[in-house]
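Structure file my_file.cif; described as mmCIF, C-alpha atoms.
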data_final
#
loop_
_atom_site.group_PDB
_atom_site.id
_atom_site.type_symbol
_atom_site.label_atom_id
_atom_site.label_comp_id
_atom_site.auth_asym_id
_atom_site.auth_seq_id
_atom_site.Cartn_x
_atom_site.Cartn_y
_atom_site.Cartn_z
ATOM 1 C CA VAL A 1046 -146.530 91.601 -67.041
ATOM 2 C CA ASP A 1047 -145.668 95.292 -66.542
ATOM 3 C CA ALA A 1048 -147.680 96.113 -69.649
ATOM 4 C CA VAL A 1049 -150.895 94.468 -68.399
ATOM 5 C CA PRO A 1050 -152.645 97.679 -67.209
ATOM 6 C CA ALA A 1051 -152.026 99.413 -70.528
ATOM 7 C CA VAL A 1052 -153.184 96.382 -72.515
ATOM 8 C CA LEU A 1053 -156.386 96.101 -70.487
ATOM 9 C CA ALA A 1054 -157.073 99.826 -70.861
ATOM 10 C CA ALA A 1055 -156.560 99.646 -74.629
ATOM 11 C CA ARG A 1056 -159.358 97.033 -74.947
ATOM 12 C CA LEU A 1057 -157.531 95.325 -77.778
ATOM 13 C CA VAL A 1058 -159.330 92.746 -79.914
ATOM 14 C CA ARG A 1059 -158.561 89.274 -78.636
ATOM 15 C CA ARG A 1060 -156.483 87.038 -80.895
ATOM 16 C CA THR A 1061 -154.606 83.782 -80.793
ATOM 17 C CA GLY A 1062 -150.924 83.431 -79.997
ATOM 18 C CA VAL A 1063 -150.815 85.788 -77.002
ATOM 19 C CA LEU A 1064 -148.578 84.828 -74.055
ATOM 20 C CA LEU A 1065 -148.255 86.545 -70.695
ATOM 21 C CA ALA A 1066 -144.666 86.431 -69.389
ATOM 22 C CA ALA A 1067 -143.583 87.183 -65.823
ATOM 23 C CA ARG A 1068 -140.687 86.415 -63.517
ATOM 24 C CA GLY A 1069 -141.060 83.320 -61.341
ATOM 25 C CA SER A 1070 -143.643 80.566 -61.459
ATOM 26 C CA PRO A 1071 -147.160 81.515 -62.628
ATOM 27 C CA ASP A 1072 -149.463 81.804 -59.589
ATOM 28 C CA ALA A 1073 -153.253 81.969 -59.388
ATOM 29 C CA GLY A 1074 -153.217 85.745 -59.690
ATOM 30 C CA LEU A 1075 -151.130 85.680 -62.874
ATOM 31 C CA LEU A 1076 -153.335 83.009 -64.382
ATOM 32 C CA GLU A 1077 -156.396 85.138 -63.653
ATOM 33 C CA VAL A 1078 -154.785 88.122 -65.387
ATOM 34 C CA ALA A 1079 -153.898 85.928 -68.363
ATOM 35 C CA GLN A 1080 -157.524 84.892 -68.599
ATOM 36 C CA ARG A 1081 -158.690 88.510 -68.524
ATOM 37 C CA LEU A 1082 -156.257 89.350 -71.317
ATOM 38 C CA GLY A 1083 -157.309 86.363 -73.377
ATOM 39 C CA ALA A 1084 -153.745 85.009 -73.307
ATOM 40 C CA GLU A 1085 -153.279 81.377 -74.308
ATOM 41 C CA GLN A 1086 -150.683 80.744 -71.634
ATOM 42 C CA ALA A 1087 -148.896 82.343 -68.692
ATOM 43 C CA VAL A 1088 -145.148 81.741 -68.902
ATOM 44 C CA GLY A 1089 -142.912 81.999 -65.846
ATOM 45 C CA LEU A 1090 -139.319 83.093 -66.398
ATOM 46 C CA PRO A 1091 -136.652 81.824 -66.487
ATOM 47 C CA TYR A 1092 -138.259 78.373 -66.240
ATOM 48 C CA GLY A 1093 -140.468 78.900 -69.283
ATOM 49 C CA GLU A 1094 -137.730 80.438 -71.405
ATOM 50 C CA THR A 1095 -137.749 77.577 -73.921
ATOM 51 C CA THR A 1096 -141.492 77.896 -74.452
ATOM 52 C CA LEU A 1097 -141.217 81.641 -74.955
ATOM 53 C CA LEU A 1098 -138.310 81.323 -77.411
ATOM 54 C CA ASP A 1099 -140.145 78.632 -79.369
ATOM 55 C CA ARG A 1100 -143.206 80.833 -79.726
ATOM 56 C CA LEU A 1101 -141.132 83.826 -80.787
ATOM 57 C CA ALA A 1102 -139.382 81.673 -83.381
ATOM 58 C CA ASP A 1103 -142.771 80.420 -84.616
ATOM 59 C CA ALA A 1104 -143.743 84.010 -85.327
ATOM 60 C CA MET A 1105 -140.675 84.410 -87.572
ATOM 61 C CA GLU A 1106 -141.188 81.241 -89.623
ATOM 62 C CA PRO A 1107 -143.957 79.921 -91.894
ATOM 63 C CA THR A 1108 -146.920 78.474 -90.041
ATOM 64 C CA ALA A 1109 -148.098 76.016 -92.717
ATOM 65 C CA ARG A 1110 -147.266 72.455 -91.692
ATOM 66 C CA GLY A 1111 -145.669 70.283 -94.331
ATOM 67 C CA ARG A 1112 -147.110 66.934 -95.354
ATOM 68 C CA VAL A 1113 -145.042 63.982 -94.136
ATOM 69 C CA ILE A 1114 -144.981 60.830 -96.277
ATOM 70 C CA GLY A 1115 -143.307 57.697 -94.990
ATOM 71 C CA VAL A 1116 -142.047 55.046 -97.403
ATOM 72 C CA VAL A 1117 -140.924 51.575 -96.314
ATOM 73 C CA SER A 1118 -139.893 48.587 -98.418
ATOM 74 C CA GLY A 1119 -141.709 45.338 -97.851
ATOM 75 C CA ARG A 1120 -138.523 43.507 -98.816
ATOM 76 C CA GLY A 1121 -134.931 44.424 -99.544
ATOM 77 C CA GLY A 1122 -134.612 45.775 -103.081
ATOM 78 C CA SER A 1123 -138.320 46.554 -103.381
ATOM 79 C CA GLY A 1124 -137.700 50.051 -104.656
ATOM 80 C CA GLY A 1125 -138.811 51.963 -101.573
ATOM 81 C CA SER A 1126 -135.851 54.343 -101.737
ATOM 82 C CA ILE A 1127 -136.471 54.944 -105.440
ATOM 83 C CA LEU A 1128 -140.104 55.800 -104.741
ATOM 84 C CA ALA A 1129 -139.127 58.077 -101.848
ATOM 85 C CA ALA A 1130 -136.656 59.972 -104.046
ATOM 86 C CA ALA A 1131 -139.183 60.239 -106.880
ATOM 87 C CA LEU A 1132 -141.885 61.616 -104.570
ATOM 88 C CA ALA A 1133 -139.490 64.225 -103.181
ATOM 89 C CA LEU A 1134 -138.376 65.332 -106.674
ATOM 90 C CA ILE A 1135 -141.984 65.614 -107.847
ATOM 91 C CA ALA A 1136 -142.910 67.617 -104.745
ATOM 92 C CA ALA A 1137 -140.000 70.013 -105.337
ATOM 93 C CA ALA A 1138 -141.724 71.249 -108.481
ATOM 94 C CA THR A 1139 -144.516 72.816 -106.423
ATOM 95 C CA GLY A 1140 -142.949 73.750 -103.089
ATOM 96 C CA PRO A 1141 -140.309 73.010 -100.455
ATOM 97 C CA ALA A 1142 -139.295 69.339 -100.510
ATOM 98 C CA TRP A 1143 -137.220 67.216 -98.157
ATOM 99 C CA LEU A 1144 -135.895 63.657 -98.338
ATOM 100 C CA VAL A 1145 -135.035 62.306 -94.884
ATOM 101 C CA ASP A 1146 -133.208 58.972 -94.791
ATOM 102 C CA LEU A 1147 -133.670 56.899 -91.622
ATOM 103 C CA ASP A 1148 -132.307 53.581 -92.905
ATOM 104 C CA PRO A 1149 -128.696 53.168 -91.706
ATOM 105 C CA LEU A 1150 -128.255 50.047 -93.855
ATOM 106 C CA GLY A 1151 -129.678 51.484 -97.055
ATOM 107 C CA GLY A 1152 -126.460 52.850 -98.532
ATOM 108 C CA GLY A 1153 -127.487 56.489 -98.139
ATOM 109 C CA ALA A 1154 -130.158 58.604 -99.810
ATOM 110 C CA ASP A 1155 -127.428 60.964 -101.034
ATOM 111 C CA ALA A 1156 -125.955 58.171 -103.173
ATOM 112 C CA GLY A 1157 -129.398 57.357 -104.542
ATOM 113 C CA MET A 1158 -129.779 61.002 -105.568
ATOM 114 C CA GLY A 1159 -126.262 61.214 -107.034
ATOM 115 C CA ALA A 1160 -125.116 63.559 -104.268
ATOM 116 C CA GLU A 1161 -122.730 61.378 -102.264
ATOM 117 C CA LEU A 1162 -119.865 63.795 -103.009
ATOM 118 C CA THR A 1163 -121.903 66.947 -102.403
ATOM 119 C CA MET A 1164 -120.910 68.974 -99.362
ATOM 120 C CA GLY A 1165 -123.433 69.214 -96.550
ATOM 121 C CA SER A 1166 -124.540 67.641 -93.292
ATOM 122 C CA ARG A 1167 -125.446 64.000 -92.781
ATOM 123 C CA TRP A 1168 -127.117 62.420 -89.754
ATOM 124 C CA PRO A 1169 -123.903 62.024 -87.691
ATOM 125 C CA ASP A 1170 -123.480 65.812 -87.888
ATOM 126 C CA LEU A 1171 -126.925 66.309 -86.349
ATOM 127 C CA ASP A 1172 -127.126 63.481 -83.823
ATOM 128 C CA MET A 1173 -126.487 65.760 -80.853
ATOM 129 C CA VAL A 1174 -129.269 68.114 -81.908
ATOM 130 C CA ALA A 1175 -132.330 68.402 -79.683
ATOM 131 C CA GLY A 1176 -135.071 70.955 -79.188
ATOM 132 C CA ARG A 1177 -135.887 73.531 -81.803
ATOM 133 C CA LEU A 1178 -134.030 73.905 -85.124
ATOM 134 C CA SER A 1179 -134.337 76.792 -87.539
ATOM 135 C CA THR A 1180 -135.954 75.571 -90.750
ATOM 136 C CA ALA A 1181 -133.844 77.892 -92.887
ATOM 137 C CA ALA A 1182 -130.596 76.967 -91.120
ATOM 138 C CA LEU A 1183 -131.290 73.241 -91.435
ATOM 139 C CA ARG A 1184 -132.138 73.484 -95.100
ATOM 140 C CA GLY A 1185 -129.032 75.548 -95.758
ATOM 141 C CA ALA A 1186 -126.836 72.906 -94.105
ATOM 142 C CA LEU A 1187 -128.067 69.993 -96.248
ATOM 143 C CA PRO A 1188 -127.136 68.927 -99.785
ATOM 144 C CA ASP A 1189 -129.651 70.159 -102.350
ATOM 145 C CA VAL A 1190 -130.605 68.033 -105.344
ATOM 146 C CA SER A 1191 -132.967 69.695 -107.831
ATOM 147 C CA GLY A 1192 -134.741 71.543 -105.052
ATOM 148 C CA VAL A 1193 -134.810 68.629 -102.592
ATOM 149 C CA ALA A 1194 -133.000 69.025 -99.268
ATOM 150 C CA VAL A 1195 -131.441 65.595 -98.636
ATOM 151 C CA LEU A 1196 -130.572 64.349 -95.157
ATOM 152 C CA SER A 1197 -128.788 61.035 -95.557
ATOM 153 C CA THR A 1198 -127.420 58.408 -93.246
ATOM 154 C CA ASP A 1199 -123.645 57.993 -93.212
ATOM 155 C CA ARG A 1200 -121.965 54.905 -94.655
ATOM 156 C CA ARG A 1201 -119.242 55.069 -91.994
ATOM 157 C CA SER A 1202 -121.761 54.089 -89.296
ATOM 158 C CA ILE A 1203 -124.358 51.346 -88.956
ATOM 159 C CA GLY A 1204 -126.180 53.094 -86.137
ATOM 160 C CA GLY A 1205 -129.413 54.945 -86.820
ATOM 161 C CA PRO A 1206 -130.149 58.569 -85.921
ATOM 162 C CA GLU A 1207 -130.956 59.497 -82.334
ATOM 163 C CA PRO A 1208 -134.705 59.900 -81.661
ATOM 164 C CA ASP A 1209 -134.303 63.427 -80.239
ATOM 165 C CA ALA A 1210 -132.503 64.480 -83.404
ATOM 166 C CA VAL A 1211 -135.180 62.864 -85.591
ATOM 167 C CA ARG A 1212 -137.886 64.733 -83.700
ATOM 168 C CA ALA A 1213 -136.075 68.073 -84.030
ATOM 169 C CA VAL A 1214 -135.266 67.629 -87.729
ATOM 170 C CA LEU A 1215 -138.740 66.531 -88.788
ATOM 171 C CA ALA A 1216 -140.364 69.304 -86.760
ATOM 172 C CA ALA A 1217 -138.141 71.884 -88.464
ATOM 173 C CA ALA A 1218 -138.832 70.439 -91.916
ATOM 174 C CA CYS A 1219 -142.582 70.392 -91.247
ATOM 175 C CA ARG A 1220 -142.605 74.034 -90.200
ATOM 176 C CA GLY A 1221 -141.244 74.922 -93.618
ATOM 177 C CA GLY A 1222 -144.385 73.660 -95.348
ATOM 178 C CA GLY A 1223 -144.232 71.635 -98.549
ATOM 179 C CA THR A 1224 -143.534 67.900 -98.496
ATOM 180 C CA VAL A 1225 -141.284 65.810 -96.276
ATOM 181 C CA VAL A 1226 -140.575 62.287 -97.546
ATOM 182 C CA VAL A 1227 -139.103 59.890 -94.992
ATOM 183 C CA ASP A 1228 -137.302 56.750 -96.187
ATOM 184 C CA LEU A 1229 -137.996 54.333 -93.321
ATOM 185 C CA PRO A 1230 -136.013 51.192 -92.404
ATOM 186 C CA ARG A 1231 -137.742 47.813 -92.513
ATOM 187 C CA HIS A 1232 -136.600 46.980 -88.981
ATOM 188 C CA ARG A 1233 -138.084 48.676 -85.974
ATOM 189 C CA SER A 1234 -135.960 51.355 -84.310
ATOM 190 C CA THR A 1235 -136.399 54.304 -81.970
ATOM 191 C CA ALA A 1236 -135.802 56.617 -84.936
ATOM 192 C CA ARG A 1237 -138.554 54.959 -86.947
ATOM 193 C CA ASP A 1238 -140.960 55.051 -84.003
ATOM 194 C CA GLU A 1239 -140.241 58.764 -83.562
ATOM 195 C CA ALA A 1240 -140.967 59.489 -87.212
ATOM 196 C CA ALA A 1241 -144.082 57.314 -87.321
ATOM 197 C CA VAL A 1242 -146.107 59.596 -85.057
ATOM 198 C CA LEU A 1243 -145.634 62.501 -87.499
ATOM 199 C CA LEU A 1244 -146.637 60.675 -90.686
ATOM 200 C CA ASP A 1245 -149.632 61.775 -92.716
ATOM 201 C CA ASP A 1246 -149.213 58.935 -95.216
ATOM 202 C CA LEU A 1247 -147.430 55.600 -95.033
ATOM 203 C CA LEU A 1248 -146.626 53.682 -98.222
ATOM 204 C CA VAL A 1249 -145.339 50.105 -98.258
ATOM 205 C CA VAL A 1250 -143.603 49.092 -101.485
ATOM 206 C CA VAL A 1251 -144.072 45.418 -102.338
ATOM 207 C CA PRO A 1252 -142.818 43.672 -105.507
ATOM 208 C CA ALA A 1253 -145.400 41.460 -107.182
ATOM 209 C CA GLU A 1254 -143.764 38.242 -105.951
ATOM 210 C CA VAL A 1255 -144.859 35.619 -103.455
ATOM 211 C CA ARG A 1256 -141.734 35.891 -101.285
ATOM 212 C CA ALA A 1257 -141.997 39.681 -101.271
ATOM 213 C CA VAL A 1258 -145.591 39.425 -100.057
ATOM 214 C CA LEU A 1259 -144.508 37.089 -97.255
ATOM 215 C CA SER A 1260 -141.658 39.417 -96.295
ATOM 216 C CA ALA A 1261 -143.985 42.417 -96.323
ATOM 217 C CA GLY A 1262 -146.208 40.646 -93.820
ATOM 218 C CA GLN A 1263 -143.281 40.507 -91.395
ATOM 219 C CA VAL A 1264 -142.446 44.174 -91.957
ATOM 220 C CA LEU A 1265 -146.065 45.155 -91.361
ATOM 221 C CA ALA A 1266 -146.143 43.173 -88.114
ATOM 222 C CA GLY A 1267 -143.275 45.340 -86.871
ATOM 223 C CA LEU A 1268 -145.197 48.519 -87.707
ATOM 224 C CA GLU A 1269 -147.925 47.815 -85.160
ATOM 225 C CA PRO A 1270 -149.734 49.915 -84.238
ATOM 226 C CA PRO A 1271 -149.347 51.690 -87.583
ATOM 227 C CA ARG A 1272 -150.148 55.371 -87.834
ATOM 228 C CA PRO A 1273 -151.564 56.265 -90.259
ATOM 229 C CA GLU A 1274 -153.019 53.169 -91.926
ATOM 230 C CA PRO A 1275 -150.451 51.902 -94.442
ATOM 231 C CA ARG A 1276 -151.252 51.633 -98.138
ATOM 232 C CA VAL A 1277 -149.460 49.383 -100.575
ATOM 233 C CA VAL A 1278 -147.585 50.419 -103.697
ATOM 234 C CA VAL A 1279 -147.020 47.391 -105.923
ATOM 235 C CA ARG A 1280 -143.794 47.197 -107.892
ATOM 236 C CA THR A 1281 -144.456 45.310 -111.074
ATOM 237 C CA VAL A 1282 -142.418 42.229 -111.923
ATOM 238 C CA PRO A 1283 -142.449 40.520 -115.329
ATOM 239 C CA GLY A 1284 -144.754 37.523 -115.030
ATOM 240 C CA GLY A 1285 -145.529 38.389 -111.397
ATOM 241 C CA LEU A 1286 -148.700 38.696 -109.386
ATOM 242 C CA THR A 1287 -151.324 41.279 -110.232
ATOM 243 C CA PRO A 1288 -151.474 44.476 -108.118
ATOM 244 C CA VAL A 1289 -154.934 43.502 -106.916
ATOM 245 C CA ASP A 1290 -153.651 40.112 -105.726
ATOM 246 C CA VAL A 1291 -150.730 41.730 -103.878
ATOM 247 C CA ALA A 1292 -152.967 44.260 -102.134
ATOM 248 C CA ARG A 1293 -155.381 41.507 -101.113
ATOM 249 C CA ALA A 1294 -152.566 39.265 -99.875
ATOM 250 C CA VAL A 1295 -150.989 41.926 -97.650
ATOM 251 C CA GLY A 1296 -154.387 43.188 -96.520
ATOM 252 C CA LEU A 1297 -153.760 46.848 -97.320
ATOM 253 C CA PRO A 1298 -155.561 49.489 -99.378
ATOM 254 C CA PHE A 1299 -154.063 49.851 -102.835
ATOM 255 C CA ALA A 1300 -152.200 53.139 -103.433
ATOM 256 C CA GLY A 1301 -150.705 52.619 -106.878
ATOM 257 C CA VAL A 1302 -148.150 50.874 -109.057
ATOM 258 C CA LEU A 1303 -144.401 51.415 -109.315
ATOM 259 C CA GLU A 1304 -143.539 50.220 -112.788
ATOM 260 C CA ASP A 1305 -140.402 48.128 -113.121
ATOM 261 C CA ASP A 1306 -138.060 50.203 -115.288
ATOM 262 C CA PRO A 1307 -134.880 48.403 -116.444
ATOM 263 C CA ALA A 1308 -133.170 51.748 -117.115
ATOM 264 C CA ILE A 1309 -133.652 52.826 -113.511
ATOM 265 C CA ARG A 1310 -132.422 49.464 -112.210
ATOM 266 C CA VAL A 1311 -129.267 49.705 -114.323
ATOM 267 C CA ALA A 1312 -128.659 53.317 -113.295
ATOM 268 C CA ALA A 1313 -129.061 52.441 -109.618
ATOM 269 C CA ALA A 1314 -126.761 49.436 -109.975
ATOM 270 C CA VAL A 1315 -123.894 51.509 -111.387
ATOM 271 C CA GLY A 1316 -124.485 54.588 -109.226
ATOM 272 C CA ALA A 1317 -125.815 56.767 -112.028
ATOM 273 C CA ALA A 1318 -129.364 57.156 -110.689
#
Could you express the structure from this file as structure tokens?
Amino acid sequence: VDAVPAVLAARLVRRTGVLLAARGSPDAGLLEVAQRLGAEQAVGLPYGETTLLDRLADAMEPTARGRVIGVVSGRGGSGGSILAAALALIAAATGPAWLVDLDPLGGGADAGMGAELTMGSRWPDLDMVAGRLSTAALRGALPDVSGVAVLSTDRRSIGGPEPDAVRAVLAAACRGGGTVVVDLPRHRSTARDEAAVLLDDLLVVVPAEVRAVLSAGQVLAGLEPPRPEPRVVVRTVPGGLTPVDVARAVGLPFAGVLEDDPAIRVAAAVGAA
């Protein structure tokens, strides 16, 4: 606030991202000065220290928000984790890519990517995290598989990640730009609810079987109110339903087909995927 007279005298061109910081709580006079300066916000210190630090950190990191894609299986063994891993690996060819595993009963995304023995943080290491995380520091702490930063659940625990940690991790990943793929659990949890509000796309993987369609209906009921509108990816099954029939039965827009590949199933079964 000591620099206000000089700033006003300089008649600088107004721009976004300007804060006015002063000791104590912002009063009417400070707010009026902020308005004259064209500042977005008046921040009182030390109470607004977190806001000020967050904005300073924003200035040091990329501003492009990453795209967040959620993937959930309509039934156990549908191939949701395989699709999530594939999307992350494809995205890594064109920019930063993340695979965030939120399913504590899924066996771990690191195992699915062949990185279960790779050093790096898993969710239990980050569960006490809250607030702002450095994108670069987070990425550097995680296992990397072909350009994908993998944050996996831990097989020593059946509990899911804490919602505050989920919020902090996804926010940090998003600030890095690129693509963030989130492998969601079928059951509702506070972690899944936290992630759901950040999704740009939500894909539900459903095998082309009657029982899978029925199971997917139960999973979808637990997603209410879904955000964004889910779309269905149909996993083909020899002699199974057609993709059009599956999409119609679950009542979702059709997003595409996940072809049943015996080689992938065998590799996943023996841990070689």
Exercise for review: Evaluate the PyMOL selection byres ((chain A and resi 1173) around 10) here and jot the selected residues down as a PyMOL selection string.
Suggested key: chain A and resi 1168-1172+1174-1175+1206-1207+1209-1210
Point to revise | For CA of Arg1100 in chain A and CA of Ala1181 in chain A, the interatomic separation in Å (one decimal) | key: 16.4 Å
Revision key, fill the gap. Expressed in Å, the length from CA of Gly1069 in chain A to CA of Asp1047 in chain A is 13.8 Å
Exercise for review: Go ahead and compute the interatomic distance for CA of Leu1082 in chain A and CA of Leu1064 in chain A, in Å to one decimal.
Suggested key: 9.3 Å
Around range 1250-1257 of chain A, fit a box with edges along x, y and z, padding it by 6 Å on each side, then list its centre and edge lengths in Å to one decimal as lines of an AutoDock Vina configuration file.
center_x = -143.6
center_y = 42.4
center_z = -104.2
size_x = 15.7
size_y = 25.5
size_z = 17.9
Review point. Where does the PyMOL selection byres ((chain A and resi 1260) around 12) land in this file, that is, which residues does it pick, as a list in words?
Key: Ser1118, Gly1119, Arg1120, Gly1121, Gly1122, Ser1123, Arg1231, His1232, Val1249, Val1250, Val1251, Pro1252, Ala1253, Glu1254, Val1255, Arg1256, Ala1257, Val1258, Leu1259, Ala1261, Gly1262, Gln1263, Val1264, Leu1265, Ala1266, Gly1267, Ala1294 and Val1295 of chain A
Please identify every residue of range 1068-1115 of chain A that has at least one atom no farther than 12 Å from an atom of range 1143-1166 of chain A, counting all atoms listed in the file, and for each give the shortest atom pair and the distance in Å to one decimal, arranged by chain then increasing number, as a tab-separated table.
residue	atom	partner	partner_atom	distance
A:Gly1111	CA	A:Trp1143	CA	9.8
A:Arg1112	CA	A:Trp1143	CA	10.3
A:Val1113	CA	A:Trp1143	CA	9.4
A:Ile1114	CA	A:Leu1144	CA	9.7
A:Gly1115	CA	A:Val1145	CA	9.5
Check your understanding: So which one's closest to Glu1274 in chain A, A:Thr1095, A:Leu1101, A:Leu1244, A:Ala1133? Using all atoms listed in the file, please.
Key ->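 Among the listed residues, the smallest separation from Glu1274 in chain A belongs to A:Leu1244.
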Exercise for review: Write out as a list in words which residues come within 12 Å of Ala1182 in chain A when counting only C-alpha atoms, dropping same-chain ones fewer than 6 positions away.
Suggested key: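 Residues meeting the cut-off are Glu1106, Gly1165, Ser1166, Ala1194, Val1214, Ala1217, Ala1218 and Gly1221 of chain A.
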Can I get the selection written as a compact mmCIF listing (two decimals), in the frame of the given file, with C-alpha atoms?
# COMPACT_ATOMS: atom_id res chain seq x y z
CA GLU A 1106 -141.19 81.24 -89.62
CA GLY A 1165 -123.43 69.21 -96.55
CA SER A 1166 -124.54 67.64 -93.29
CA ALA A 1194 -133.00 69.03 -99.27
CA VAL A 1214 -135.27 67.63 -87.73
CA ALA A 1217 -138.14 71.88 -88.46
CA ALA A 1218 -138.83 70.44 -91.92
CA GLY A 1221 -141.24 74.92 -93.62
Practice item. Write out as a PyMOL selection string each polymer residue whose atoms come within 12 Å of Val1116 in chain A, counting only C-alpha atoms; drop sequence neighbours fewer than 5 positions from it. Key: chain A and resi 1123-1133+1144-1148+1225-1231+1237+1240-1241+1244-1251+1273+1275-1278+1300
Please, could N, CA, C and O atoms be added to range 1196-1212 of chain A and the result written as a compact mmCIF listing (two decimals), keeping the file's coordinate frame?
# COMPACT_ATOMS: atom_id res chain seq x y z
N LEU A 1196 -131.28 64.72 -96.39
CA LEU A 1196 -130.57 64.35 -95.16
C LEU A 1196 -130.37 62.84 -95.17
O LEU A 1196 -131.31 62.07 -95.02
N SER A 1197 -129.11 62.44 -95.35
CA SER A 1197 -128.79 61.04 -95.56
C SER A 1197 -128.12 60.43 -94.32
O SER A 1197 -127.51 61.14 -93.52
N THR A 1198 -128.23 59.13 -94.21
CA THR A 1198 -127.42 58.41 -93.25
C THR A 1198 -125.98 58.41 -93.75
O THR A 1198 -125.70 58.79 -94.88
N ASP A 1199 -125.07 57.96 -92.89
CA ASP A 1199 -123.64 57.99 -93.21
C ASP A 1199 -123.13 56.56 -93.33
O ASP A 1199 -123.36 55.73 -92.44
N ARG A 1200 -122.43 56.27 -94.41
CA ARG A 1200 -121.96 54.90 -94.66
C ARG A 1200 -120.83 54.48 -93.73
O ARG A 1200 -120.45 53.32 -93.71
N ARG A 1201 -120.30 55.42 -92.95
CA ARG A 1201 -119.24 55.07 -91.99
C ARG A 1201 -119.81 54.52 -90.70
O ARG A 1201 -119.07 54.07 -89.83
N SER A 1202 -121.14 54.54 -90.54
CA SER A 1202 -121.76 54.09 -89.30
C SER A 1202 -122.96 53.22 -89.61
O SER A 1202 -123.68 53.44 -90.59
N ILE A 1203 -123.18 52.20 -88.77
CA ILE A 1203 -124.36 51.35 -88.96
C ILE A 1203 -125.46 51.71 -87.97
O ILE A 1203 -126.54 51.13 -87.98
N GLY A 1204 -125.18 52.67 -87.11
CA GLY A 1204 -126.18 53.09 -86.14
C GLY A 1204 -127.14 54.09 -86.75
O GLY A 1204 -126.78 54.90 -87.59
N GLY A 1205 -128.40 54.02 -86.32
CA GLY A 1205 -129.41 54.94 -86.82
C GLY A 1205 -129.37 56.27 -86.08
O GLY A 1205 -128.69 56.42 -85.06
N PRO A 1206 -130.10 57.27 -86.57
CA PRO A 1206 -130.15 58.57 -85.92
C PRO A 1206 -130.76 58.48 -84.53
O PRO A 1206 -131.56 57.59 -84.23
N GLU A 1207 -130.39 59.43 -83.67
CA GLU A 1207 -130.96 59.50 -82.33
C GLU A 1207 -132.39 60.02 -82.41
O GLU A 1207 -132.69 60.92 -83.20
N PRO A 1208 -133.30 59.48 -81.58
CA PRO A 1208 -134.71 59.90 -81.66
C PRO A 1208 -134.92 61.39 -81.40
O PRO A 1208 -135.77 62.01 -82.04
N ASP A 1209 -134.15 61.99 -80.49
CA ASP A 1209 -134.30 63.43 -80.24
C ASP A 1209 -133.95 64.23 -81.48
O ASP A 1209 -134.60 65.24 -81.80
N ALA A 1210 -132.91 63.79 -82.18
CA ALA A 1210 -132.50 64.48 -83.40
C ALA A 1210 -133.55 64.31 -84.49
O ALA A 1210 -133.85 65.25 -85.24
N VAL A 1211 -134.12 63.11 -84.61
CA VAL A 1211 -135.18 62.86 -85.59
C VAL A 1211 -136.37 63.78 -85.33
O VAL A 1211 -136.93 64.40 -86.25
N ARG A 1212 -136.75 63.88 -84.06
CA ARG A 1212 -137.89 64.73 -83.70
C ARG A 1212 -137.61 66.19 -84.07
O ARG A 1212 -138.46 66.87 -84.66
